[in-house]
$ cat work16.txt   # compact mmCIF, C-alpha atoms
# COMPACT_ATOMS: atom_id res chain seq x y z
CA MET A 28 -8.37 -2.03 2.33
CA PHE A 29 -8.39 -5.13 4.56
CA PHE A 30 -9.65 -7.40 1.80
CA ASP A 31 -7.26 -5.73 -0.64
CA GLY A 32 -4.40 -6.72 1.67
CA PHE A 33 -5.85 -10.18 2.18
CA ASP A 34 -5.98 -10.70 -1.58
CA ILE A 35 -2.34 -9.63 -1.95
CA TYR A 36 -0.92 -11.65 0.94
CA LEU A 37 -2.79 -14.89 0.38
CA ALA A 38 -0.23 -15.54 -2.38
CA ALA A 39 2.37 -16.68 0.15
CA GLY A 40 0.39 -19.66 1.45
CA VAL A 41 -1.22 -20.47 -1.89
CA LEU A 42 2.10 -20.63 -3.76
CA GLY A 43 3.61 -22.87 -1.11
CA ALA A 44 0.64 -25.23 -1.40
CA LEU A 45 0.80 -25.24 -5.20
CA VAL A 46 4.47 -26.24 -5.07
CA ARG A 47 3.69 -29.00 -2.59
CA GLU A 48 0.85 -30.34 -4.79
CA GLY A 49 3.09 -30.39 -7.84
CA LEU A 50 0.96 -27.77 -9.62
CA SER A 51 3.74 -25.19 -9.64
CA ASP A 52 7.43 -24.63 -8.94
CA VAL A 53 9.73 -21.71 -8.10
CA ASP A 54 9.81 -20.46 -11.70
CA ARG A 55 6.04 -20.62 -12.21
CA ASN A 56 5.55 -19.01 -8.80
CA ALA A 57 7.74 -16.17 -10.04
CA TRP A 58 5.45 -15.76 -13.08
CA PHE A 59 2.41 -15.69 -10.78
CA ILE A 60 3.96 -12.95 -8.61
CA SER A 61 5.13 -11.01 -11.66
CA ALA A 62 1.60 -11.15 -13.14
CA THR A 63 0.36 -9.65 -9.86
CA PHE A 64 2.85 -6.81 -10.12
CA ALA A 65 2.08 -6.26 -13.81
CA GLY A 66 -1.63 -5.88 -13.04
CA MET A 67 -0.93 -3.66 -10.05
CA THR A 68 1.34 -1.48 -12.20
CA VAL A 69 -1.43 -0.84 -14.72
CA GLY A 70 -4.03 -0.50 -11.96
CA ALA A 71 -1.99 2.05 -10.00
CA TRP A 72 -1.49 4.20 -13.09
CA LEU A 73 -5.15 4.05 -14.12
CA ALA A 74 -6.26 4.86 -10.57
CA GLY A 75 -4.24 8.08 -10.63
CA ILE A 76 -5.68 9.15 -13.98
CA LEU A 77 -9.28 8.17 -13.20
CA GLY A 78 -9.16 9.42 -9.61
CA ASP A 79 -8.07 12.94 -10.54
CA ARG A 80 -10.46 13.11 -13.51
CA TYR A 81 -13.64 11.34 -12.37
CA GLY A 82 -13.31 11.46 -8.60
CA ARG A 83 -12.15 9.33 -5.71
CA ARG A 84 -15.51 7.64 -5.11
CA PHE A 85 -16.01 6.38 -8.68
CA THR A 86 -12.48 5.00 -8.88
CA TYR A 87 -12.82 3.33 -5.49
CA GLN A 88 -15.92 1.39 -6.51
CA PHE A 89 -14.60 0.52 -9.96
CA ASN A 90 -11.34 -1.06 -8.77
CA LEU A 91 -13.03 -2.98 -5.97
CA ALA A 92 -15.45 -4.62 -8.41
CA ILE A 93 -12.57 -5.69 -10.65
CA PHE A 94 -10.53 -7.50 -8.04
CA GLY A 95 -13.59 -8.98 -6.32
CA ILE A 96 -14.86 -10.63 -9.51
CA ALA A 97 -11.38 -11.79 -10.51
CA SER A 98 -10.82 -13.31 -7.05
CA MET A 99 -13.95 -15.43 -7.41
CA ALA A 100 -12.83 -16.52 -10.88
CA ALA A 101 -9.43 -17.53 -9.47
CA ALA A 102 -11.13 -19.87 -7.02
CA PHE A 103 -12.23 -21.97 -10.00
CA ALA A 104 -8.98 -21.78 -12.02
CA PRO A 105 -8.17 -25.23 -13.54
CA ASP A 106 -4.37 -24.79 -13.47
CA ILE A 107 -1.53 -22.38 -12.72
CA LEU A 108 -1.72 -20.73 -16.16
CA TRP A 109 -5.37 -19.72 -15.72
CA LEU A 110 -4.66 -18.75 -12.13
CA THR A 111 -1.81 -16.48 -13.27
CA GLY A 112 -4.11 -14.83 -15.83
CA PHE A 113 -6.81 -14.17 -13.25
CA ARG A 114 -4.11 -12.86 -10.92
CA PHE A 115 -3.19 -10.20 -13.48
CA VAL A 116 -6.82 -9.00 -13.53
CA MET A 117 -6.90 -9.03 -9.72
CA GLY A 118 -3.77 -6.92 -9.79
CA LEU A 119 -5.60 -4.16 -11.70
CA GLY A 120 -7.90 -3.65 -8.73
CA LEU A 121 -5.24 -4.26 -6.10
CA GLY A 122 -2.90 -1.62 -7.51
CA ALA A 123 -5.69 0.95 -7.69
CA GLU A 124 -6.93 0.35 -4.15
CA ILE A 125 -3.73 1.42 -2.43
CA VAL A 126 -3.49 4.60 -4.49
CA VAL A 127 -7.10 5.68 -3.95
CA GLY A 128 -7.48 4.43 -0.37
CA TYR A 129 -4.64 6.29 1.31
CA GLY A 130 -4.88 9.30 -1.01
CA THR A 131 -8.59 9.79 -0.31
CA LEU A 132 -8.29 9.43 3.46
CA SER A 133 -5.61 12.13 3.59
CA GLU A 134 -8.08 14.59 2.05
CA PHE A 135 -10.62 14.12 4.85
CA MET A 136 -8.33 14.33 7.90
CA PRO A 137 -7.33 17.54 9.79
CA PRO A 138 -3.57 18.23 9.97
CA ALA A 139 -3.18 17.34 13.66
CA ILE A 140 -4.35 13.74 13.20
CA ARG A 141 -3.87 13.07 9.47
CA GLY A 142 -0.75 10.94 9.84
CA ARG A 143 -2.16 9.00 12.76
CA PHE A 144 -5.36 8.08 10.93
CA ALA A 145 -3.54 7.15 7.73
CA ALA A 146 -1.32 4.86 9.80
CA LEU A 147 -4.42 3.53 11.59
CA LEU A 148 -5.87 2.61 8.20
CA ALA A 149 -2.58 0.78 7.57
CA VAL A 150 -3.17 -1.20 10.78
CA PHE A 151 -6.38 -2.64 9.35
CA THR A 152 -4.85 -3.05 5.90
CA ASN A 153 -1.77 -4.86 7.16
CA SER A 154 -3.60 -7.01 9.67
CA ALA A 155 -4.66 -8.82 6.52
CA LEU A 156 -1.12 -10.20 6.27
CA PHE A 157 -1.57 -12.14 9.49
CA ALA A 158 -5.19 -13.00 8.63
CA ALA A 159 -4.17 -14.36 5.22
CA THR A 160 -1.17 -16.24 6.59
CA PHE A 161 -2.94 -17.69 9.64
CA GLY A 162 -6.03 -18.35 7.53
CA GLY A 163 -3.85 -20.24 5.08
CA PHE A 164 -2.38 -22.21 8.00
CA LEU A 165 -5.89 -23.28 9.05
CA ILE A 166 -7.64 -23.51 5.66
CA ILE A 167 -5.16 -24.62 2.99
CA PRO A 168 -4.07 -27.97 4.50
CA TYR A 169 -7.70 -29.03 5.08
CA LEU A 170 -9.95 -27.25 2.54
CA GLY A 171 -7.46 -26.35 -0.19
CA TRP A 172 -6.05 -23.12 -1.61
CA ARG A 173 -9.15 -22.23 -3.67
CA TRP A 174 -11.05 -21.17 -0.57
CA MET A 175 -8.53 -18.36 0.03
CA PHE A 176 -9.55 -16.65 -3.22
CA ALA A 177 -13.24 -17.29 -2.52
CA ILE A 178 -13.01 -15.58 0.88
CA ALA A 179 -11.34 -12.52 -0.69
CA GLY A 180 -13.95 -12.33 -3.46
CA ILE A 181 -16.94 -12.63 -1.14
CA GLY A 182 -15.48 -10.05 1.25
CA ALA A 183 -14.86 -7.61 -1.59
CA GLY A 184 -18.46 -8.00 -2.78
CA ILE A 185 -19.82 -7.15 0.66
CA VAL A 186 -17.60 -4.09 0.97
CA TRP A 187 -18.58 -2.94 -2.54
CA LEU A 188 -22.19 -2.70 -1.35
CA LEU A 189 -21.22 -0.91 1.86
CA ARG A 190 -19.03 1.61 0.07
CA LYS A 191 -21.84 2.90 -2.16
CA ASN A 192 -22.52 5.49 0.58
CA MET A 193 -18.96 6.78 0.61
CA PRO A 194 -18.86 10.60 0.13
CA GLU A 195 -16.78 12.27 -2.55
CA SER A 196 -13.72 14.25 -1.46
CA PRO A 197 -14.68 17.91 -0.92
CA ARG A 198 -11.13 18.93 -1.88
CA TRP A 199 -11.46 17.17 -5.25
CA LEU A 200 -14.93 18.64 -5.84
CA GLU A 201 -13.66 22.12 -5.12
CA SER A 202 -10.69 21.66 -7.45
CA LYS A 203 -13.24 20.93 -10.20
CA GLY A 204 -15.33 24.03 -9.44
CA ARG A 205 -18.16 22.00 -7.89
CA HIS A 206 -18.30 24.26 -4.83
CA ALA A 207 -21.93 23.65 -3.84
CA GLU A 208 -21.36 19.88 -3.61
CA ALA A 209 -18.11 20.39 -1.70
CA GLU A 210 -19.84 22.76 0.72
CA ALA A 211 -22.73 20.34 1.31
CA ILE A 212 -20.41 17.46 2.19
CA THR A 213 -18.19 19.66 4.37
CA ARG A 214 -21.23 21.08 6.16
CA ARG A 215 -22.54 17.56 6.82
CA ILE A 216 -19.19 16.50 8.30
CA GLU A 217 -19.08 19.60 10.51
CA GLU A 218 -22.61 18.99 11.80
CA GLN A 219 -21.78 15.38 12.60
CA VAL A 220 -18.73 16.52 14.60
CA TYR A 221 -19.89 19.80 16.15
CA GLY A 222 -23.68 19.55 16.01
CA SER A 223 -26.03 21.93 14.24
CA GLN A 224 -24.38 25.06 15.66
CA VAL A 225 -21.65 25.49 13.05
CA ALA A 226 -20.11 28.94 12.72
CA PRO A 227 -20.73 30.58 9.33
CA VAL A 228 -17.84 30.69 6.89
CA PRO A 229 -17.24 33.66 4.55
CA ALA A 230 -18.31 32.93 0.99
CA VAL A 231 -15.77 32.57 -1.78
CA HIS A 232 -16.35 35.55 -4.10
CA THR A 233 -14.78 34.02 -7.23
CA PRO A 234 -15.75 30.31 -7.22
CA ILE A 235 -13.76 29.12 -10.20
CA ALA A 236 -12.18 25.75 -10.82
CA ALA A 237 -8.43 25.48 -10.52
CA PRO A 238 -6.73 25.12 -13.92
CA SER A 239 -5.88 21.58 -14.89
CA VAL A 240 -2.41 20.59 -13.68
CA PRO A 241 -0.47 18.59 -16.28
CA LEU A 242 1.36 15.39 -15.40
CA SER A 243 4.62 17.13 -16.31
CA ALA A 244 4.30 19.22 -13.12
CA LEU A 245 5.48 16.15 -11.19
CA PHE A 246 8.90 16.59 -12.81
CA GLN A 247 9.31 20.32 -12.18
CA GLY A 248 10.23 22.46 -9.19
CA GLN A 249 9.93 21.04 -5.72
CA LEU A 250 7.59 18.31 -6.97
CA LEU A 251 10.52 16.65 -8.76
CA SER A 252 12.32 15.84 -5.50
CA ARG A 253 9.04 14.68 -3.98
CA THR A 254 8.32 12.45 -6.96
CA VAL A 255 11.79 10.91 -6.66
CA THR A 256 11.27 10.39 -2.92
CA GLY A 257 7.88 8.74 -3.47
CA ILE A 258 9.23 6.46 -6.19
CA VAL A 259 12.14 5.27 -4.02
CA ILE A 260 9.79 4.62 -1.09
CA ASN A 261 7.44 2.56 -3.25
CA ILE A 262 10.21 0.52 -4.85
CA VAL A 263 11.83 -0.34 -1.51
CA ASN A 264 8.51 -1.07 0.21
CA ASN A 265 7.47 -3.49 -2.50
CA LEU A 266 10.93 -5.03 -2.65
CA ILE A 267 10.82 -5.90 1.05
CA THR A 268 7.18 -6.93 1.22
CA HIS A 269 7.10 -9.05 -1.91
CA GLY A 270 10.78 -9.96 -2.07
CA PHE A 271 10.93 -11.45 1.42
CA ILE A 272 7.58 -11.75 3.18
CA THR A 273 5.67 -13.25 0.24
CA TRP A 274 8.47 -15.76 -0.30
CA MET A 275 8.83 -16.93 3.32
CA PRO A 276 6.76 -20.15 3.01
CA THR A 277 8.61 -21.06 -0.19
CA PHE A 278 11.97 -20.47 1.50
CA PHE A 279 10.98 -22.66 4.45
CA LEU A 280 9.69 -25.41 2.16
CA ALA A 281 12.93 -25.34 0.19
CA GLN A 282 14.77 -25.93 3.49
CA GLY A 283 12.79 -29.12 4.07
CA MET A 284 9.90 -28.00 6.27
CA THR A 285 6.39 -29.38 5.83
CA VAL A 286 3.62 -27.14 4.53
CA THR A 287 2.05 -26.97 7.98
CA LYS A 288 5.29 -26.09 9.75
CA SER A 289 6.34 -23.51 7.17
CA LEU A 290 2.94 -21.79 7.34
CA GLY A 291 3.11 -21.92 11.14
CA PHE A 292 6.52 -20.21 11.16
CA THR A 293 5.29 -17.61 8.72
CA ALA A 294 2.10 -16.98 10.74
CA VAL A 295 4.11 -16.23 13.90
CA MET A 296 6.48 -13.89 12.06
CA THR A 297 3.69 -12.01 10.30
CA LEU A 298 2.11 -11.07 13.61
CA GLY A 299 4.64 -8.27 13.33
CA ALA A 300 2.59 -6.69 10.51
CA PRO A 301 -0.38 -5.32 12.48
CA LEU A 302 1.88 -4.60 15.46
CA GLY A 303 4.30 -2.68 13.27
CA ALA A 304 1.52 -0.68 11.63
CA PHE A 305 0.09 0.11 15.10
CA ILE A 306 3.49 1.34 16.30
CA GLY A 307 3.61 3.49 13.17
CA CYS A 308 0.19 4.86 14.14
CA LEU A 309 1.49 5.81 17.59
CA LEU A 310 4.62 7.48 16.21
CA ALA A 311 3.20 9.25 13.14
CA GLU A 312 2.44 12.53 14.93
CA SER A 313 5.04 12.44 17.73
CA LEU A 314 8.11 11.25 15.81
CA GLY A 315 6.97 12.56 12.45
CA ARG A 316 6.89 10.90 9.07
CA LYS A 317 10.31 11.89 7.69
CA ARG A 318 12.27 11.18 10.86
CA GLY A 319 10.43 7.90 11.42
CA ILE A 320 11.11 6.64 7.87
CA VAL A 321 14.83 7.41 8.16
CA LEU A 322 15.14 5.85 11.62
CA PHE A 323 13.33 2.59 10.89
CA SER A 324 14.99 2.18 7.50
CA PHE A 325 18.29 1.75 9.31
CA VAL A 326 16.80 -0.33 12.14
CA ALA A 327 15.32 -2.74 9.59
CA LEU A 328 18.64 -2.76 7.72
CA ALA A 329 20.47 -3.92 10.88
CA ILE A 330 17.92 -6.69 11.56
CA GLY A 331 18.07 -7.80 7.93
CA LEU A 332 21.83 -8.22 8.17
CA ALA A 333 21.51 -10.22 11.41
CA TYR A 334 18.68 -12.52 10.25
CA PRO A 335 20.76 -14.88 8.04
CA GLN A 336 23.04 -15.61 10.98
CA ALA A 337 20.20 -17.07 13.07
CA ASP A 338 20.24 -20.87 13.30
CA HIS A 339 17.89 -21.65 16.21
CA PRO A 340 14.14 -21.81 15.35
CA ALA A 341 13.21 -19.38 18.13
CA LEU A 342 15.81 -16.89 16.96
CA VAL A 343 14.69 -17.25 13.34
CA MET A 344 11.10 -16.47 14.31
CA GLY A 345 12.13 -13.69 16.71
CA LEU A 346 14.31 -11.81 14.25
CA GLY A 347 11.80 -12.46 11.46
CA PHE A 348 9.04 -11.04 13.64
CA CYS A 349 11.07 -7.88 14.36
CA LEU A 350 12.00 -7.45 10.71
CA VAL A 351 8.37 -7.76 9.62
CA ALA A 352 7.34 -5.26 12.33
CA CYS A 353 9.91 -2.71 11.11
CA VAL A 354 8.80 -3.20 7.51
CA PHE A 355 5.22 -2.37 8.42
CA ILE A 356 6.16 0.57 10.63
CA LEU A 357 7.81 1.92 7.50
CA GLY A 358 4.76 1.10 5.40
CA ALA A 359 2.41 2.93 7.78
CA LEU A 360 4.62 6.02 7.94
CA SER A 361 5.54 6.15 4.25
CA ILE A 362 3.04 4.53 1.86
CA ALA A 363 -0.01 5.25 4.01
CA ALA A 364 0.77 8.65 5.52
CA TYR A 365 3.72 10.34 3.81
CA VAL A 366 3.52 9.85 0.05
CA PRO A 367 -0.10 11.13 -0.36
CA GLU A 368 0.85 14.28 1.57
CA LEU A 369 3.60 15.20 -0.89
CA PHE A 370 1.29 16.24 -3.75
CA PRO A 371 -1.42 18.95 -4.13
CA THR A 372 -5.07 17.96 -4.56
CA GLU A 373 -5.22 18.68 -8.29
CA ILE A 374 -2.55 16.09 -9.00
CA ARG A 375 -2.49 14.01 -5.80
CA LEU A 376 -3.71 10.69 -7.18
CA ARG A 377 -1.61 11.00 -10.30
CA GLY A 378 1.42 11.70 -8.10
CA VAL A 379 0.68 8.78 -5.80
CA GLY A 380 -0.25 6.65 -8.81
CA LEU A 381 3.01 7.47 -10.61
CA CYS A 382 5.08 6.57 -7.54
CA SER A 383 3.11 3.36 -7.02
CA THR A 384 3.36 2.51 -10.73
CA ALA A 385 7.13 2.95 -10.68
CA GLY A 386 7.37 0.71 -7.64
CA ARG A 387 5.21 -1.99 -9.22
CA LEU A 388 7.01 -1.72 -12.55
CA ALA A 389 10.41 -2.10 -10.95
CA ASN A 390 9.17 -5.10 -9.01
CA ILE A 391 7.83 -7.05 -11.98
CA GLY A 392 11.31 -8.49 -12.35
CA ILE A 393 12.00 -8.77 -8.62
CA PRO A 394 10.54 -12.32 -8.23
CA PHE A 395 12.96 -13.61 -10.86
CA LEU A 396 15.84 -11.78 -9.18
CA ILE A 397 14.83 -13.17 -5.77
CA ALA A 398 14.64 -16.69 -7.18
CA PHE A 399 18.09 -16.28 -8.79
CA LEU A 400 19.67 -14.81 -5.65
CA TYR A 401 18.18 -17.53 -3.45
CA MET A 402 19.49 -20.30 -5.70
CA GLN A 403 22.93 -18.67 -5.82
CA GLY A 404 23.42 -17.45 -2.27
CA GLY A 405 20.40 -18.49 -0.21
CA ILE A 406 18.58 -16.20 2.19
CA THR A 407 21.80 -14.23 2.82
CA ALA A 408 21.86 -12.96 -0.78
CA VAL A 409 18.16 -12.07 -0.68
CA LEU A 410 18.49 -10.06 2.53
CA GLY A 411 21.63 -8.41 1.20
CA LEU A 412 19.58 -6.91 -1.63
CA ILE A 413 16.83 -5.84 0.78
CA SER A 414 19.34 -4.21 3.13
CA ALA A 415 20.80 -2.23 0.24
CA GLY A 416 17.32 -0.98 -0.64
CA LEU A 417 16.69 0.13 2.95
CA PHE A 418 19.97 2.04 2.99
CA VAL A 419 19.07 3.91 -0.20
CA GLN A 420 15.60 4.74 1.15
CA GLY A 421 16.98 6.13 4.41
CA VAL A 422 19.48 8.36 2.61
CA VAL A 423 17.00 9.64 -0.02
CA VAL A 424 14.30 10.55 2.51
CA PHE A 425 16.90 12.21 4.78
CA VAL A 426 18.30 14.33 1.93
CA LEU A 427 15.22 15.05 -0.22
CA GLY A 428 12.29 14.50 2.14
CA VAL A 429 10.23 17.22 3.84
CA GLU A 430 8.49 16.91 7.19
CA THR A 431 4.69 17.03 6.86
CA LYS A 432 3.71 16.55 10.49
CA GLY A 433 1.03 19.00 11.64
CA MET A 434 0.82 20.86 8.31
CA ALA A 435 -2.32 21.42 6.25
CA LEU A 436 -2.17 19.72 2.87
CA GLU A 437 -2.25 23.11 1.12
CA ALA A 438 0.73 24.29 3.20
CA VAL A 439 2.73 21.15 2.40
CA SER A 440 2.31 21.67 -1.34
CA THR A 441 2.88 25.45 -1.34
CA GLU A 442 5.44 26.50 -3.95
CA PRO A 443 6.28 30.00 -5.19
CA SER A 444 5.67 29.20 -8.84
CA ASP A 445 2.87 29.02 -11.35
CA ILE A 446 3.10 25.25 -11.81
CA ILE A 447 0.54 24.51 -9.11
CA ILE A 448 -2.68 26.44 -8.60
CA HIS A 449 -3.91 25.70 -5.11
CA SER A 450 -7.54 25.38 -4.22
CA ARG A 451 -9.07 27.26 -1.32
CA VAL A 452 -10.40 24.77 1.18
CA ARG A 453 -11.89 25.66 4.55
CA GLN A 454 -9.50 24.79 7.37
CA SER A 455 -12.33 23.24 9.35
CA ALA A 456 -12.43 20.44 6.75

$ encode --input "work16.txt" --output "structure tokens"
Amino acid sequence: MFFDGFDIYLAAGVLGALVREGLSDVDRNAWFISATFAGMTVGAWLAGILGDRYGRRFTYQFNLAIFGIASMAAAFAPDILWLTGFRFVMGLGLGAEIVVGYGTLSEFMPPAIRGRFAALLAVFTNSALFAATFGGFLIIPYLGWRWMFAIAGIGAGIVWLLRKNMPESPRWLESKGRHAEAEAITRRIEEQVYGSQVAPVPAVHTPIAAPSVPLSALFQGQLLSRTVTGIVINIVNNLITHGFITWMPTFFLAQGMTVTKSLGFTAVMTLGAPLGAFIGCLLAESLGRKRGIVLFSFVALAIGLAYPQADHPALVMGLGFCLVACVFILGALSIAAYVPELFPTEIRLRGVGLCSTAGRLANIGIPFLIAFLYMQGGITAVLGLISAGLFVQGVVVFVLGVETKGMALEAVSTEPSDIIIHSRVRQSA
């Protein structure tokens, strides 16, 4: 997940350098970012389909290989057109990683700590924003932008080898009727935690697979409101992250800063990413996911409205730092912890994948809108759009959202209807 984030966020420094070298401009940068979103849209959708059908482990390895190979190819791209093409292929893996990563982790964690560990994973994922930005500050001016893609590709290759030992999700195995495999993995986890003296568990007398849940279930019953909530969260999260943070070096360059100074400003501000995700980790179980998303949506909205009024460099960096921190508190509580909890195992990755796909699809056109708004009204117009998105997110989660803190995944997805057939999973898992 770290190298996935690194691969996404390196775009900010790379695009600024390409503009400075005369290899690109604002319009071609918009095409580059849109190609990323287009690939991530397809990747997120495929991850949901493949993950629910063939398993979390297979999909995890498959998407990592795609974006690792494409990252290495991008390091040798002769021009912006080839680079944009390779970026689309990278996007296939990048979009899948977020869906499978957070969705899979939620299936391994007990209710009391599930939100905290999902947010902790977001800490490592989002620390890549600072690593990519600060790395660009140190590497791009001296070694060139190609090395950023090479680092991401090499890192992905190493992790691909390490992840070959990743276990399959027992919840997914059980949903497919593969009870012996699910039991073996669960037993191994219990022995690692509690030692060899694990209390016996009553056998399931009718070990049958749960019926296949159609995609249409996401638009029926209580899952409809959860699907809407997840889609809104994904659209707003991507709007903020890739409509403001990715564009920061370009904005600074357009205001007359040097590449080094613009990357330096951005590096300081993006320190808020790992800090924000860590705060989200601390608050996930105490404040709760729903309440935290609503609260920090409006806090970020207020900072976003104040940011354009800042004119002193220290104030620009300070407010930018706080805004970035709030954005990643929201990301840890919502994308990492909350959205995967909203759907039952049989359709979890398709639910998460659909929400992620909708967010990516909506954001394919966002770079062009951001470029237009910036040329028409500057940073004030851009942050006006972002503030509106935060307002909508806060209201939707407050009205439609459910609190998932401390609840088993099966309890969260319980519905008195025949749409969803829940699997029986041992609570000790």

$ atom_distance --input "work16.txt" --atom1 "CA of Met99 in chain A" --atom2 "CA of Ile181 in chain A"
7.5 Å

$ closest_residue --input "work16.txt" --among "A:Asn90, A:Thr372, A:Thr268, A:Thr213" --to "Val186 in chain A" --atoms "all atoms listed in the file"
A:Asn90

$ atom_distance --input "work16.txt" --atom1 "CA of Trp174 in chain A" --atom2 "CA of Phe59 in chain A"
17.8 Å

$ atom_distance --input "work16.txt" --atom1 "CA of Ile260 in chain A" --atom2 "CA of Tyr365 in chain A"
9.7 Å

$ residues_around --input "work16.txt" --residues "Ser383 in chain A" --least-positions-apart "3" --cutoff "9 Å" --atoms "only C-alpha atoms" --output "PyMOL selection string"
chain A and resi 67-68+71-72+122+125-126+257-258+261-262+362+378-380+386-388

$ closest_residue --input "work16.txt" --among "A:Ala398, A:Ile93, A:Leu73, A:Ile167" --to "Leu37 in chain A" --atoms "only C-alpha atoms"
A:Ile167

$ residues_around --input "work16.txt" --residues "Ile406 in chain A" --least-positions-apart "2" --cutoff "10 Å" --atoms "all atoms listed in the file" --output "MDAnalysis selection string"
chainID A and resid 271 275 278 334:336 397 400:404 408:411

$ residues_around --input "work16.txt" --residues "Ala177 in chain A" --least-positions-apart "5" --cutoff "10 Å" --atoms "only C-alpha atoms" --output "list in words"
Asp34, Gly95, Ile96, Ala97, Ser98, Met99, Ala100, Ala101, Ala102, Phe103, Trp172, Gly182 and Ala183 of chain A

$ closest_residue --input "work16.txt" --among "A:Phe370, A:Phe418, A:Phe399, A:Tyr81" --to "Glu437 in chain A" --atoms "all atoms listed in the file"
A:Phe370

$ closest_residue --input "work16.txt" --among "A:Ala359, A:Val259, A:Leu251, A:Leu45" --to "Val423 in chain A" --atoms "all atoms listed in the file"
A:Val259

$ residues_around --input "work16.txt" --residues "Leu314 in chain A" --least-positions-apart "3" --cutoff "12 Å" --atoms "all atoms listed in the file" --output "VMD selection string"
chain A and resid 142 to 143 306 to 311 317 to 323 360 430 to 433

$ residues_around --input "work16.txt" --residues "Leu156 in chain A" --least-positions-apart "5" --cutoff "9 Å" --atoms "only C-alpha atoms" --output "list in words"
Gly32, Phe33, Ile35, Tyr36, Leu37, Phe161, Ala294, Thr297, Leu298, Ala300 and Pro301 of chain A

$ closest_residue --input "work16.txt" --among "A:Gly315, A:Gly112, A:Gly180, A:Pro367" --to "Thr131 in chain A" --atoms "only C-alpha atoms"
A:Pro367

$ build_atoms --input "work16.txt" --residues "range 342-353 of chain A" --atoms "N, CA and C atoms" --output "PDB file, keeping the file's coordinate frame"
ATOM      1  N   LEU A 342      15.133 -18.098  17.401  1.00  0.00           N
ATOM      2  CA  LEU A 342      15.810 -16.890  16.960  1.00  0.00           C
ATOM      3  C   LEU A 342      15.381 -16.507  15.543  1.00  0.00           C
ATOM      4  N   VAL A 343      15.170 -17.511  14.695  1.00  0.00           N
ATOM      5  CA  VAL A 343      14.690 -17.250  13.340  1.00  0.00           C
ATOM      6  C   VAL A 343      13.336 -16.553  13.389  1.00  0.00           C
ATOM      7  N   MET A 344      12.425 -17.083  14.207  1.00  0.00           N
ATOM      8  CA  MET A 344      11.100 -16.470  14.310  1.00  0.00           C
ATOM      9  C   MET A 344      11.173 -15.100  14.972  1.00  0.00           C
ATOM     10  N   GLY A 345      12.031 -14.960  16.002  1.00  0.00           N
ATOM     11  CA  GLY A 345      12.130 -13.690  16.710  1.00  0.00           C
ATOM     12  C   GLY A 345      12.646 -12.565  15.825  1.00  0.00           C
ATOM     13  N   LEU A 346      13.768 -12.827  15.136  1.00  0.00           N
ATOM     14  CA  LEU A 346      14.310 -11.810  14.250  1.00  0.00           C
ATOM     15  C   LEU A 346      13.373 -11.554  13.065  1.00  0.00           C
ATOM     16  N   GLY A 347      12.753 -12.624  12.543  1.00  0.00           N
ATOM     17  CA  GLY A 347      11.800 -12.460  11.460  1.00  0.00           C
ATOM     18  C   GLY A 347      10.620 -11.604  11.881  1.00  0.00           C
ATOM     19  N   PHE A 348      10.144 -11.826  13.098  1.00  0.00           N
ATOM     20  CA  PHE A 348       9.040 -11.040  13.640  1.00  0.00           C
ATOM     21  C   PHE A 348       9.429  -9.564  13.720  1.00  0.00           C
ATOM     22  N   CYS A 349      10.624  -9.267  14.237  1.00  0.00           N
ATOM     23  CA  CYS A 349      11.070  -7.880  14.360  1.00  0.00           C
ATOM     24  C   CYS A 349      11.274  -7.225  13.003  1.00  0.00           C
ATOM     25  N   LEU A 350      11.802  -7.990  12.042  1.00  0.00           N
ATOM     26  CA  LEU A 350      12.000  -7.450  10.710  1.00  0.00           C
ATOM     27  C   LEU A 350      10.663  -7.107  10.061  1.00  0.00           C
ATOM     28  N   VAL A 351       9.698  -8.017  10.179  1.00  0.00           N
ATOM     29  CA  VAL A 351       8.370  -7.760   9.620  1.00  0.00           C
ATOM     30  C   VAL A 351       7.741  -6.536  10.286  1.00  0.00           C
ATOM     31  N   ALA A 352       7.897  -6.413  11.620  1.00  0.00           N
ATOM     32  CA  ALA A 352       7.340  -5.260  12.330  1.00  0.00           C
ATOM     33  C   ALA A 352       7.940  -3.958  11.812  1.00  0.00           C
ATOM     34  N   CYS A 353       9.257  -3.924  11.623  1.00  0.00           N
ATOM     35  CA  CYS A 353       9.910  -2.710  11.110  1.00  0.00           C
ATOM     36  C   CYS A 353       9.430  -2.381   9.701  1.00  0.00           C
TER      37      CYS A 353
END
